[in-house]
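Heads up: the structure comes next, in structure tokens.
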Amino acid sequence: MSVVLVDAGGTNIGSVRYALQRLGVDAALTADAATIRAAHKVILPGVGAAGPGMARLRELGLVELMRTLTQPVLGVCLGMQLLCAHSEEGDTTCLGLIPAPVRRFVEAPGLRVPHMGWNQLRTKQPHPLLAGLGDDDQAYFVHSYAVPVGDWSLATSDYGEAFSAVIARDNFHGMQFHPERSAAVGAKLLQNFLAL
Amino acid sequence: MLSRRIIPCLDVRDGKVVKGVRFRDHVVMGEIVDLALRYRDEGADELVFYDITASPEGRSVDRTWVERVARVIDIPFCVAGGIRSVDEARAVLHAGADKISVNSPALERPALIDELAAAFGVQCVVVGIDSLRDADGAWRVRQYTGDPDKTQALPRKTLDWMIEAQQRGAGEIVLNCMGSDGVRQGYDLEQLSIARAICQVPLIASGGAGAPEHFRDAFIGADVDGALAASVFHSGAIAIPALKHYLHGQGVAVRL
């Protein structure tokens, strides 16, 4: 099975690659359209801001390619947000593969932004991507923008209010947290993605 | 609910983990990767590595061990030590660190915080502040604390610097309370509580942990997001699983 990491400039690419290696998968890091199209699984990592993230995909000529992929695709953190329709961050039009908005967390007393740390995952819709996920399982989040809960939400988490932790539509999937930094829980979810 | 974080801190010198008392007299505690794996297995929520001699020696952090840690560790980790530019930060992040922490270089040139936040987003940018109370009762920042002979007291007040750092784009603040560091008498709750009131981003307590109650007090009393400690973990005086069960029983949200 071939797994590719889309080299869209996120700084967590190395970490995602190492996490896949720990699962026995050597994922190529590539921005080559033919290689991405031919892969069995495509992962779009990403750390940073939505505007530069989309600009990078445009520069690489990958926007239309991403929209036409048919194999399982996983966006991680910013990568997940780029799969959505629109982000408040820099008023950015994203790939539109999952019809969800991306909104900034609203600061409140005791509610610091960014949302940083381990938080509980709650299953909203059973899905093979969540196989084996327990009620007390936590994942590591670092983000200031989030996707609200909607039809696209497979799992949610709470920070002031519920937001989407895992989303999916057709072959496109997203994880707001960092599975590559979420210990055994993250490894299990990445393994589930590889098994889709 | 967001869990409070337990964060072992590994001071790195010459490729080994070391620990000093009040930032002096360092002894070797072990190998970097061995200790990182041990803490990961015990349930640490995050690790922080300080290359403590990088800033005083005017060099950036040694990246070879950052990559070794990134390969084996599946919890987040932050790296600090002499990061003075966007390029140096990028190299550390690309080596696999999740966050970079700046301290002395940000005091040298505060615009560094703005540049890092613009390049990588605030969530990657931690500002470490070494703070000591002066005779007049005010807390002020210290620079180059990795080397006692080069440590400088600055006129800058800790709380002023904390506000400026946030305005410039700090996504997290680690407050090292030097007066309580290494002596295990508890975190400086007075200073942390005052800092908490002006800190809109995650705040991490550092310096003084000696008993499980100290962690509880920092989380409940000073409402910090994470608590950092070194010697009590390195020595085995506090085991992380037992600490987390204790905190859970005290009503503190933790990852068990």
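If you're wondering about the labels, chains in the structure tokens are A, B, ... by order shown, residues count from 1 in each chain, ligands from 1 in order shown.
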- request: Return the neighbours of chain A among the residues of chain B, cut-off 9 Å, counting only C-alpha atoms, as a PyMOL selection string.
  value: chain B and resi 1-5+40+45-46+67+70-77+90+93-98+118-124+171-172+199-202+223+225-226+254-256
task: Please provide as a ChimeraX atom specification all residues within 10 Å of Ala209 in chain B, with the sequence filter that same-chain residues fewer than 3 positions apart are discarded (counting only C-alpha atoms).
output: /B:180-188,205-206,212-215,218,227-233,238
Output for the residues just chosen: N, CA and C atoms as a CSV table (one decimal), in the first residue's frame:
chain,number,residue,atom,x,y,z
B,180,SER,N,12.0,29.9,43.6
B,180,SER,CA,11.5,28.6,44.1
B,180,SER,C,12.1,27.4,43.4
B,181,ASP,N,12.9,27.7,42.3
B,181,ASP,CA,13.3,26.6,41.5
B,181,ASP,C,14.3,25.6,42.2
B,182,GLY,N,14.1,24.3,42.1
B,182,GLY,CA,15.0,23.3,42.5
B,182,GLY,C,15.0,23.1,44.0
B,183,VAL,N,14.2,23.8,44.8
B,183,VAL,CA,14.2,23.6,46.2
B,183,VAL,C,12.9,22.8,46.8
B,184,ARG,N,12.0,22.5,45.9
B,184,ARG,CA,10.9,21.6,46.2
B,184,ARG,C,10.0,22.1,47.3
B,185,GLN,N,9.8,23.4,47.4
B,185,GLN,CA,9.0,23.9,48.5
B,185,GLN,C,7.6,24.3,47.9
B,186,GLY,N,7.4,24.0,46.6
B,186,GLY,CA,6.1,24.4,46.0
B,186,GLY,C,6.3,25.5,45.0
B,187,TYR,N,5.3,25.6,44.1
B,187,TYR,CA,5.4,26.6,43.1
B,187,TYR,C,5.1,28.0,43.7
B,188,ASP,N,5.5,29.0,43.1
B,188,ASP,CA,5.3,30.4,43.6
B,188,ASP,C,3.9,30.8,43.3
B,205,ALA,N,3.3,26.7,34.8
B,205,ALA,CA,4.1,26.9,36.0
B,205,ALA,C,5.4,26.2,36.0
B,206,SER,N,6.5,26.8,36.5
B,206,SER,CA,7.8,26.2,36.5
B,206,SER,C,8.5,26.6,37.7
B,212,PRO,N,3.1,16.1,45.4
B,212,PRO,CA,1.8,16.1,44.6
B,212,PRO,C,0.9,17.3,45.0
B,213,GLU,N,0.9,17.7,46.2
B,213,GLU,CA,0.1,18.8,46.6
B,213,GLU,C,0.5,20.1,45.9
B,214,HIS,N,1.7,20.2,45.6
B,214,HIS,CA,2.2,21.5,44.9
B,214,HIS,C,1.6,21.6,43.5
B,215,PHE,N,1.4,20.5,42.9
B,215,PHE,CA,0.8,20.5,41.5
B,215,PHE,C,-0.7,20.8,41.7
B,218,ALA,N,-1.1,24.5,42.3
B,218,ALA,CA,-0.8,25.3,41.1
B,218,ALA,C,-2.0,25.3,40.2
B,227,ALA,N,1.9,22.2,34.5
B,227,ALA,CA,2.9,22.3,35.5
B,227,ALA,C,4.2,21.6,35.1
B,228,LEU,N,5.3,22.3,35.1
B,228,LEU,CA,6.5,21.7,34.7
B,228,LEU,C,7.4,21.4,35.9
B,229,ALA,N,8.1,20.3,35.8
B,229,ALA,CA,9.0,19.9,36.9
B,229,ALA,C,10.1,19.1,36.3
B,230,ALA,N,11.2,19.0,37.0
B,230,ALA,CA,12.3,18.3,36.6
B,230,ALA,C,12.8,17.3,37.6
B,231,SER,N,13.5,17.8,38.7
B,231,SER,CA,14.2,16.9,39.6
B,231,SER,C,13.3,15.9,40.3
B,232,VAL,N,12.0,16.3,40.6
B,232,VAL,CA,11.2,15.3,41.3
B,232,VAL,C,10.8,14.1,40.4
B,233,PHE,N,10.8,14.4,39.1
B,233,PHE,CA,10.6,13.3,38.1
B,233,PHE,C,11.8,12.5,37.9
B,238,ILE,N,8.6,11.7,42.6
B,238,ILE,CA,7.2,11.6,42.3
B,238,ILE,C,7.1,10.8,41.0
Proximity to Ala34 in chain A - best of A:Met1, A:Leu130, A:Leu69, A:Cys84, only C-alpha atoms: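 That would be A:Leu69, the residue with the smallest distance to Ala34 in chain A.
In the backbone-derived DSSP annotation, strand (DSSP E or B) within range 52-139 of chain A comprises A:Val73, A:Leu74, A:Gly75, A:Val76, A:His86, A:Ser87, A:Thr92, A:Thr93, A:Pro101, A:Val102, A:Arg103, A:Arg104, A:Ala108, A:Leu111, A:His115, A:Met116, A:Gly117, A:Trp118, A:Asn119, A:Gln120, A:Arg122, A:Thr123, A:Gln138, A:Ala139.
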task: Considering only C-alpha atoms, return as a count of residues only whatever protein or nucleic-acid residues lie within 7 Å of Val127 in chain B, sequence-local ones (same chain, fewer than 5 positions apart) excluded.
output: 7
Per DSSP on the backbone, filter range 6-169 of chain A down to the residues in helix (DSSP H, G or I) and report them as an mmCIF file with all heavy atoms, in the first residue's frame.
data_model
loop_
_atom_site.group_PDB
_atom_site.id
_atom_site.type_symbol
_atom_site.label_atom_id
_atom_site.label_comp_id
_atom_site.auth_asym_id
_atom_site.auth_seq_id
_atom_site.Cartn_x
_atom_site.Cartn_y
_atom_site.Cartn_z
ATOM 1 N N ILE A 13 5.138 17.847 9.252
ATOM 2 C CA ILE A 13 5.249 16.750 8.292
ATOM 3 C C ILE A 13 6.184 15.655 8.800
ATOM 4 O O ILE A 13 5.881 14.471 8.714
ATOM 5 C CB ILE A 13 5.734 17.284 6.925
ATOM 6 C CG1 ILE A 13 4.604 18.066 6.269
ATOM 7 C CG2 ILE A 13 6.176 16.149 6.024
ATOM 8 C CD1 ILE A 13 4.992 18.748 4.985
ATOM 9 N N GLY A 14 7.313 16.064 9.371
ATOM 10 C CA GLY A 14 8.266 15.085 9.895
ATOM 11 C C GLY A 14 7.630 14.219 10.963
ATOM 12 O O GLY A 14 7.767 12.990 10.953
ATOM 13 N N SER A 15 6.876 14.835 11.865
ATOM 14 C CA SER A 15 6.249 14.088 12.955
ATOM 15 C C SER A 15 5.230 13.085 12.438
ATOM 16 O O SER A 15 5.138 11.960 12.935
ATOM 17 C CB SER A 15 5.537 15.049 13.914
ATOM 18 O OG SER A 15 6.406 16.065 14.315
ATOM 19 N N VAL A 16 4.443 13.490 11.438
ATOM 20 C CA VAL A 16 3.445 12.575 10.874
ATOM 21 C C VAL A 16 4.150 11.407 10.188
ATOM 22 O O VAL A 16 3.759 10.246 10.312
ATOM 23 C CB VAL A 16 2.520 13.313 9.885
ATOM 24 C CG1 VAL A 16 1.544 12.348 9.244
ATOM 25 C CG2 VAL A 16 1.763 14.436 10.593
ATOM 26 N N ARG A 17 5.223 11.736 9.502
ATOM 27 C CA ARG A 17 5.974 10.692 8.805
ATOM 28 C C ARG A 17 6.547 9.675 9.793
ATOM 29 O O ARG A 17 6.485 8.465 9.577
ATOM 30 C CB ARG A 17 7.099 11.358 8.016
ATOM 31 C CG ARG A 17 7.679 10.456 6.993
ATOM 32 C CD ARG A 17 8.621 11.230 6.097
ATOM 33 N NE ARG A 17 9.049 10.369 5.011
ATOM 34 C CZ ARG A 17 10.132 10.586 4.299
ATOM 35 N NH1 ARG A 17 10.868 11.651 4.539
ATOM 36 N NH2 ARG A 17 10.466 9.760 3.343
ATOM 37 N N TYR A 18 7.117 10.175 10.898
ATOM 38 C CA TYR A 18 7.661 9.267 11.912
ATOM 39 C C TYR A 18 6.559 8.408 12.530
ATOM 40 O O TYR A 18 6.756 7.222 12.809
ATOM 41 C CB TYR A 18 8.371 10.046 13.016
ATOM 42 C CG TYR A 18 9.587 10.831 12.562
ATOM 43 C CD1 TYR A 18 9.911 12.051 13.148
ATOM 44 C CD2 TYR A 18 10.418 10.348 11.554
ATOM 45 C CE1 TYR A 18 11.018 12.776 12.740
ATOM 46 C CE2 TYR A 18 11.525 11.067 11.141
ATOM 47 C CZ TYR A 18 11.817 12.283 11.728
ATOM 48 O OH TYR A 18 12.912 12.998 11.324
ATOM 49 N N ALA A 19 5.376 9.005 12.751
ATOM 50 C CA ALA A 19 4.261 8.252 13.341
ATOM 51 C C ALA A 19 3.860 7.101 12.415
ATOM 52 O O ALA A 19 3.580 5.990 12.868
ATOM 53 C CB ALA A 19 3.071 9.176 13.586
ATOM 54 N N LEU A 20 3.850 7.370 11.111
ATOM 55 C CA LEU A 20 3.519 6.313 10.146
ATOM 56 C C LEU A 20 4.614 5.248 10.139
ATOM 57 O O LEU A 20 4.330 4.054 10.049
ATOM 58 C CB LEU A 20 3.318 6.910 8.753
ATOM 59 C CG LEU A 20 2.095 7.826 8.620
ATOM 60 C CD1 LEU A 20 2.146 8.612 7.315
ATOM 61 C CD2 LEU A 20 0.797 7.011 8.697
ATOM 62 N N GLN A 21 5.866 5.680 10.259
ATOM 63 C CA GLN A 21 6.972 4.697 10.312
ATOM 64 C C GLN A 21 6.820 3.781 11.515
ATOM 65 O O GLN A 21 7.092 2.587 11.440
ATOM 66 C CB GLN A 21 8.321 5.418 10.366
ATOM 67 C CG GLN A 21 8.766 5.959 9.002
ATOM 68 C CD GLN A 21 10.037 6.792 9.084
ATOM 69 O OE1 GLN A 21 10.602 6.979 10.158
ATOM 70 N NE2 GLN A 21 10.475 7.297 7.942
ATOM 71 N N ARG A 22 6.364 4.353 12.655
ATOM 72 C CA ARG A 22 6.163 3.516 13.838
ATOM 73 C C ARG A 22 5.068 2.481 13.596
ATOM 74 O O ARG A 22 5.010 1.455 14.264
ATOM 75 C CB ARG A 22 5.830 4.387 15.059
ATOM 76 C CG ARG A 22 7.010 5.244 15.543
ATOM 77 C CD ARG A 22 6.748 5.863 16.906
ATOM 78 N NE ARG A 22 5.717 6.879 16.888
ATOM 79 C CZ ARG A 22 5.931 8.195 16.707
ATOM 80 N NH1 ARG A 22 7.173 8.641 16.556
ATOM 81 N NH2 ARG A 22 4.940 9.040 16.691
ATOM 82 N N ALA A 33 1.798 15.713 -8.548
ATOM 83 C CA ALA A 33 0.384 15.390 -8.762
ATOM 84 C C ALA A 33 0.177 13.924 -9.137
ATOM 85 O O ALA A 33 -0.740 13.265 -8.613
ATOM 86 C CB ALA A 33 -0.194 16.296 -9.855
ATOM 87 N N ALA A 34 1.027 13.397 -10.013
ATOM 88 C CA ALA A 34 0.838 12.012 -10.461
ATOM 89 C C ALA A 34 1.049 11.043 -9.305
ATOM 90 O O ALA A 34 0.307 10.054 -9.154
ATOM 91 C CB ALA A 34 1.803 11.708 -11.604
ATOM 92 N N THR A 35 2.054 11.333 -8.470
ATOM 93 C CA THR A 35 2.335 10.454 -7.322
ATOM 94 C C THR A 35 1.171 10.475 -6.338
ATOM 95 O O THR A 35 0.770 9.437 -5.807
ATOM 96 C CB THR A 35 3.635 10.917 -6.614
ATOM 97 O OG1 THR A 35 4.670 11.017 -7.588
ATOM 98 C CG2 THR A 35 4.042 9.940 -5.531
ATOM 99 N N ILE A 36 0.631 11.671 -6.115
ATOM 100 C CA ILE A 36 -0.492 11.797 -5.171
ATOM 101 C C ILE A 36 -1.706 11.058 -5.730
ATOM 102 O O ILE A 36 -2.362 10.291 -5.021
ATOM 103 C CB ILE A 36 -0.807 13.285 -4.920
ATOM 104 C CG1 ILE A 36 0.373 13.964 -4.199
ATOM 105 C CG2 ILE A 36 -2.091 13.438 -4.101
ATOM 106 C CD1 ILE A 36 0.267 15.478 -4.116
ATOM 107 N N ARG A 37 -1.980 11.258 -7.006
ATOM 108 C CA ARG A 37 -3.162 10.626 -7.593
ATOM 109 C C ARG A 37 -3.063 9.102 -7.550
ATOM 110 O O ARG A 37 -4.078 8.417 -7.360
ATOM 111 C CB ARG A 37 -3.356 11.097 -9.039
ATOM 112 C CG ARG A 37 -4.663 10.614 -9.645
ATOM 113 C CD ARG A 37 -4.932 11.203 -11.021
ATOM 114 N NE ARG A 37 -5.163 12.633 -11.029
ATOM 115 C CZ ARG A 37 -6.271 13.212 -10.569
ATOM 116 N NH1 ARG A 37 -7.246 12.482 -10.056
ATOM 117 N NH2 ARG A 37 -6.423 14.511 -10.617
ATOM 118 N N ALA A 38 -1.857 8.577 -7.663
ATOM 119 C CA ALA A 38 -1.692 7.126 -7.736
ATOM 120 C C ALA A 38 -1.653 6.465 -6.352
ATOM 121 O O ALA A 38 -1.715 5.241 -6.246
ATOM 122 C CB ALA A 38 -0.391 6.803 -8.495
ATOM 123 N N ALA A 50 -4.442 29.327 7.585
ATOM 124 C CA ALA A 50 -5.231 28.850 6.448
ATOM 125 C C ALA A 50 -4.836 29.537 5.143
ATOM 126 O O ALA A 50 -4.684 28.877 4.107
ATOM 127 C CB ALA A 50 -6.717 29.054 6.732
ATOM 128 N N GLY A 51 -4.662 30.861 5.181
ATOM 129 C CA GLY A 51 -4.353 31.605 3.956
ATOM 130 C C GLY A 51 -3.077 31.110 3.288
ATOM 131 O O GLY A 51 -3.094 30.705 2.117
ATOM 132 N N PRO A 52 -1.952 31.121 4.021
ATOM 133 C CA PRO A 52 -0.715 30.595 3.441
ATOM 134 C C PRO A 52 -0.825 29.119 3.046
ATOM 135 O O PRO A 52 -0.212 28.689 2.058
ATOM 136 C CB PRO A 52 0.308 30.776 4.574
ATOM 137 C CG PRO A 52 -0.236 31.904 5.397
ATOM 138 C CD PRO A 52 -1.730 31.771 5.313
ATOM 139 N N GLY A 53 -1.618 28.351 3.788
ATOM 140 C CA GLY A 53 -1.785 26.929 3.457
ATOM 141 C C GLY A 53 -2.454 26.761 2.098
ATOM 142 O O GLY A 53 -2.004 25.967 1.258
ATOM 143 N N MET A 54 -3.530 27.518 1.852
ATOM 144 C CA MET A 54 -4.196 27.442 0.547
ATOM 145 C C MET A 54 -3.303 28.018 -0.558
ATOM 146 O O MET A 54 -3.253 27.485 -1.666
ATOM 147 C CB MET A 54 -5.530 28.198 0.584
ATOM 148 C CG MET A 54 -6.680 27.450 1.244
ATOM 149 S SD MET A 54 -7.030 25.829 0.524
ATOM 150 C CE MET A 54 -7.536 26.268 -1.126
ATOM 151 N N ALA A 55 -2.583 29.095 -0.233
ATOM 152 C CA ALA A 55 -1.693 29.700 -1.233
ATOM 153 C C ALA A 55 -0.636 28.689 -1.684
ATOM 154 O O ALA A 55 -0.311 28.599 -2.872
ATOM 155 C CB ALA A 55 -1.028 30.953 -0.645
ATOM 156 N N ARG A 56 -0.142 27.935 -0.707
ATOM 157 C CA ARG A 56 0.876 26.931 -1.022
ATOM 158 C C ARG A 56 0.300 25.840 -1.944
ATOM 159 O O ARG A 56 0.944 25.437 -2.908
ATOM 160 C CB ARG A 56 1.392 26.327 0.292
ATOM 161 C CG ARG A 56 2.319 25.164 0.137
ATOM 162 C CD ARG A 56 3.782 25.560 0.177
ATOM 163 N NE ARG A 56 4.612 24.355 0.223
ATOM 164 C CZ ARG A 56 5.722 24.203 -0.460
ATOM 165 N NH1 ARG A 56 6.175 25.165 -1.235
ATOM 166 N NH2 ARG A 56 6.413 23.082 -0.361
ATOM 167 N N LEU A 57 -0.920 25.387 -1.646
ATOM 168 C CA LEU A 57 -1.551 24.375 -2.506
ATOM 169 C C LEU A 57 -1.759 24.913 -3.925
ATOM 170 O O LEU A 57 -1.576 24.194 -4.904
ATOM 171 C CB LEU A 57 -2.889 23.911 -1.924
ATOM 172 C CG LEU A 57 -2.832 23.005 -0.691
ATOM 173 C CD1 LEU A 57 -4.244 22.678 -0.208
ATOM 174 C CD2 LEU A 57 -2.066 21.714 -0.981
ATOM 175 N N ARG A 58 -2.121 26.204 -4.025
ATOM 176 C CA ARG A 58 -2.299 26.815 -5.351
ATOM 177 C C ARG A 58 -0.981 26.889 -6.101
ATOM 178 O O ARG A 58 -0.900 26.532 -7.279
ATOM 179 C CB ARG A 58 -2.899 28.221 -5.211
ATOM 180 C CG ARG A 58 -4.420 28.246 -5.238
ATOM 181 C CD ARG A 58 -4.971 29.651 -5.471
ATOM 182 N NE ARG A 58 -4.514 30.575 -4.453
ATOM 183 C CZ ARG A 58 -5.111 30.749 -3.276
ATOM 184 N NH1 ARG A 58 -6.196 30.049 -2.980
ATOM 185 N NH2 ARG A 58 -4.635 31.597 -2.398
ATOM 186 N N GLU A 59 0.078 27.347 -5.384
ATOM 187 C CA GLU A 59 1.402 27.449 -6.030
ATOM 188 C C GLU A 59 1.859 26.102 -6.565
ATOM 189 O O GLU A 59 2.495 26.014 -7.608
ATOM 190 C CB GLU A 59 2.455 27.915 -5.009
ATOM 191 C CG GLU A 59 2.471 29.396 -4.730
ATOM 192 C CD GLU A 59 3.237 29.685 -3.433
ATOM 193 O OE1 GLU A 59 4.143 28.894 -3.083
ATOM 194 O OE2 GLU A 59 2.905 30.686 -2.770
ATOM 195 N N VAL A 63 -4.677 22.298 -6.039
ATOM 196 C CA VAL A 63 -6.045 22.542 -5.571
ATOM 197 C C VAL A 63 -7.046 21.662 -6.305
ATOM 198 O O VAL A 63 -7.838 20.944 -5.682
ATOM 199 C CB VAL A 63 -6.405 24.042 -5.717
ATOM 200 C CG1 VAL A 63 -7.896 24.263 -5.490
ATOM 201 C CG2 VAL A 63 -5.587 24.875 -4.724
ATOM 202 N N GLU A 64 -7.008 21.691 -7.642
ATOM 203 C CA GLU A 64 -7.961 20.866 -8.409
ATOM 204 C C GLU A 64 -7.698 19.385 -8.196
ATOM 205 O O GLU A 64 -8.617 18.578 -8.108
ATOM 206 C CB GLU A 64 -7.916 21.225 -9.896
ATOM 207 C CG GLU A 64 -8.717 22.473 -10.231
ATOM 208 C CD GLU A 64 -10.089 22.493 -9.538
ATOM 209 O OE1 GLU A 64 -10.870 21.532 -9.724
ATOM 210 O OE2 GLU A 64 -10.374 23.455 -8.806
ATOM 211 N N LEU A 65 -6.415 19.037 -8.084
ATOM 212 C CA LEU A 65 -6.075 17.628 -7.839
ATOM 213 C C LEU A 65 -6.712 17.143 -6.543
ATOM 214 O O LEU A 65 -7.360 16.083 -6.512
ATOM 215 C CB LEU A 65 -4.548 17.459 -7.760
ATOM 216 C CG LEU A 65 -4.148 16.048 -7.320
ATOM 217 C CD1 LEU A 65 -4.079 15.118 -8.516
ATOM 218 C CD2 LEU A 65 -2.861 16.049 -6.556
ATOM 219 N N MET A 66 -6.544 17.926 -5.469
ATOM 220 C CA MET A 66 -7.104 17.513 -4.174
ATOM 221 C C MET A 66 -8.612 17.312 -4.289
ATOM 222 O O MET A 66 -9.184 16.400 -3.693
ATOM 223 C CB MET A 66 -6.801 18.564 -3.096
ATOM 224 C CG MET A 66 -5.339 18.639 -2.654
ATOM 225 S SD MET A 66 -4.663 17.117 -1.937
ATOM 226 C CE MET A 66 -5.703 16.907 -0.492
ATOM 227 N N ARG A 67 -9.259 18.162 -5.076
ATOM 228 C CA ARG A 67 -10.721 18.108 -5.185
ATOM 229 C C ARG A 67 -11.209 16.885 -5.955
ATOM 230 O O ARG A 67 -12.383 16.522 -5.856
ATOM 231 C CB ARG A 67 -11.245 19.388 -5.868
ATOM 232 C CG ARG A 67 -11.159 20.604 -4.958
ATOM 233 C CD ARG A 67 -11.739 21.842 -5.618
ATOM 234 N NE ARG A 67 -11.798 22.943 -4.674
ATOM 235 C CZ ARG A 67 -11.528 24.218 -4.980
ATOM 236 N NH1 ARG A 67 -11.207 24.544 -6.218
ATOM 237 N NH2 ARG A 67 -11.596 25.144 -4.067
ATOM 238 N N LEU A 78 -4.502 21.813 10.564
ATOM 239 C CA LEU A 78 -4.806 22.772 9.498
ATOM 240 C C LEU A 78 -5.218 22.036 8.228
ATOM 241 O O LEU A 78 -6.084 22.506 7.479
ATOM 242 C CB LEU A 78 -3.596 23.667 9.211
ATOM 243 C CG LEU A 78 -3.794 24.628 8.038
ATOM 244 C CD1 LEU A 78 -4.848 25.670 8.336
ATOM 245 C CD2 LEU A 78 -2.478 25.296 7.648
ATOM 246 N N GLY A 79 -4.623 20.872 7.989
ATOM 247 C CA GLY A 79 -4.980 20.068 6.816
ATOM 248 C C GLY A 79 -6.459 19.734 6.789
ATOM 249 O O GLY A 79 -7.106 19.744 5.733
ATOM 250 N N MET A 80 -7.013 19.437 7.965
ATOM 251 C CA MET A 80 -8.457 19.192 8.056
ATOM 252 C C MET A 80 -9.237 20.460 7.730
ATOM 253 O O MET A 80 -10.232 20.422 6.986
ATOM 254 C CB MET A 80 -8.818 18.723 9.468
ATOM 255 C CG MET A 80 -10.269 18.973 9.838
ATOM 256 S SD MET A 80 -10.717 18.378 11.473
ATOM 257 C CE MET A 80 -11.992 19.581 11.887
ATOM 258 N N GLN A 81 -8.779 21.592 8.255
ATOM 259 C CA GLN A 81 -9.510 22.846 8.019
ATOM 260 C C GLN A 81 -9.483 23.220 6.542
ATOM 261 O O GLN A 81 -10.447 23.789 6.021
ATOM 262 C CB GLN A 81 -8.928 23.958 8.895
ATOM 263 C CG GLN A 81 -9.108 23.662 10.393
ATOM 264 C CD GLN A 81 -8.547 24.748 11.297
ATOM 265 O OE1 GLN A 81 -8.023 25.752 10.833
ATOM 266 N NE2 GLN A 81 -8.645 24.527 12.606
ATOM 267 N N LEU A 82 -8.379 22.881 5.855
ATOM 268 C CA LEU A 82 -8.285 23.194 4.428
ATOM 269 C C LEU A 82 -9.276 22.377 3.600
ATOM 270 O O LEU A 82 -9.643 22.771 2.498
ATOM 271 C CB LEU A 82 -6.849 22.968 3.915
ATOM 272 C CG LEU A 82 -5.769 23.881 4.504
ATOM 273 C CD1 LEU A 82 -4.417 23.591 3.866
ATOM 274 C CD2 LEU A 82 -6.126 25.359 4.351
ATOM 275 N N LEU A 83 -9.713 21.224 4.129
ATOM 276 C CA LEU A 83 -10.709 20.422 3.411
ATOM 277 C C LEU A 83 -12.095 21.063 3.466
ATOM 278 O O LEU A 83 -12.977 20.714 2.685
ATOM 279 C CB LEU A 83 -10.795 19.005 4.005
ATOM 280 C CG LEU A 83 -9.547 18.129 3.932
ATOM 281 C CD1 LEU A 83 -9.820 16.788 4.613
ATOM 282 C CD2 LEU A 83 -9.096 17.915 2.490
ATOM 283 N N PRO A 128 -15.716 3.570 10.733
ATOM 284 C CA PRO A 128 -14.507 2.728 10.824
ATOM 285 C C PRO A 128 -13.272 3.513 11.294
ATOM 286 O O PRO A 128 -12.380 2.935 11.933
ATOM 287 C CB PRO A 128 -14.307 2.228 9.390
ATOM 288 C CG PRO A 128 -15.656 2.318 8.755
ATOM 289 C CD PRO A 128 -16.375 3.450 9.416
ATOM 290 N N LEU A 129 -13.249 4.808 11.014
ATOM 291 C CA LEU A 129 -12.111 5.621 11.431
ATOM 292 C C LEU A 129 -12.005 5.679 12.958
ATOM 293 O O LEU A 129 -10.921 5.922 13.500
ATOM 294 C CB LEU A 129 -12.287 7.038 10.856
ATOM 295 C CG LEU A 129 -11.089 7.984 10.871
ATOM 296 C CD1 LEU A 129 -9.902 7.387 10.141
ATOM 297 C CD2 LEU A 129 -11.473 9.320 10.243
ATOM 298 N N LEU A 130 -13.119 5.453 13.652
ATOM 299 C CA LEU A 130 -13.135 5.569 15.115
ATOM 300 C C LEU A 130 -13.119 4.201 15.800
ATOM 301 O O LEU A 130 -13.343 4.117 17.013
ATOM 302 C CB LEU A 130 -14.387 6.345 15.559
ATOM 303 C CG LEU A 130 -14.597 7.723 14.943
ATOM 304 C CD1 LEU A 130 -15.854 8.371 15.522
ATOM 305 C CD2 LEU A 130 -13.393 8.628 15.182
#
- request: Show which residues sit within 8 Å of Ser60 in chain B, as a list in words. Count only C-alpha atoms, and ignore same-chain residues fewer than 2 positions away.
  value: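 The residues that qualify are Ala54, Ser55, Gly58, Asp62, Gly81, Gly82, Ile83, Arg84 and Glu88 of chain B.
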Those residues with N, CA and C atoms, as a PDB file, in the first residue's frame please?
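So part02.pdb came out as:
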ATOM      1  N   ALA B  54      22.981  26.804  25.108  1.00  0.00           N
ATOM      2  CA  ALA B  54      22.969  27.352  23.742  1.00  0.00           C
ATOM      3  C   ALA B  54      23.001  28.877  23.750  1.00  0.00           C
ATOM      4  N   SER B  55      22.097  29.497  24.519  1.00  0.00           N
ATOM      5  CA  SER B  55      22.017  30.961  24.507  1.00  0.00           C
ATOM      6  C   SER B  55      23.279  31.618  25.058  1.00  0.00           C
ATOM      7  N   GLY B  58      25.890  31.554  22.599  1.00  0.00           N
ATOM      8  CA  GLY B  58      25.604  32.251  21.350  1.00  0.00           C
ATOM      9  C   GLY B  58      25.364  31.325  20.174  1.00  0.00           C
ATOM     10  N   ASP B  62      21.117  22.174  19.375  1.00  0.00           N
ATOM     11  CA  ASP B  62      21.671  21.058  18.614  1.00  0.00           C
ATOM     12  C   ASP B  62      20.499  20.230  18.066  1.00  0.00           C
ATOM     13  N   GLY B  81      16.329  26.903  23.328  1.00  0.00           N
ATOM     14  CA  GLY B  81      17.773  27.048  23.445  1.00  0.00           C
ATOM     15  C   GLY B  81      18.379  27.843  22.320  1.00  0.00           C
ATOM     16  N   GLY B  82      18.557  29.116  22.523  1.00  0.00           N
ATOM     17  CA  GLY B  82      19.319  29.931  21.582  1.00  0.00           C
ATOM     18  C   GLY B  82      18.692  30.102  20.212  1.00  0.00           C
ATOM     19  N   ILE B  83      17.366  29.916  20.093  1.00  0.00           N
ATOM     20  CA  ILE B  83      16.715  30.110  18.790  1.00  0.00           C
ATOM     21  C   ILE B  83      16.553  31.621  18.563  1.00  0.00           C
ATOM     22  N   ARG B  84      17.261  32.148  17.573  1.00  0.00           N
ATOM     23  CA  ARG B  84      17.339  33.599  17.369  1.00  0.00           C
ATOM     24  C   ARG B  84      16.703  34.081  16.084  1.00  0.00           C
ATOM     25  N   GLU B  88      16.288  29.421  12.144  1.00  0.00           N
ATOM     26  CA  GLU B  88      16.692  28.459  13.185  1.00  0.00           C
ATOM     27  C   GLU B  88      15.473  27.752  13.768  1.00  0.00           C
TER      28      GLU B  88
END
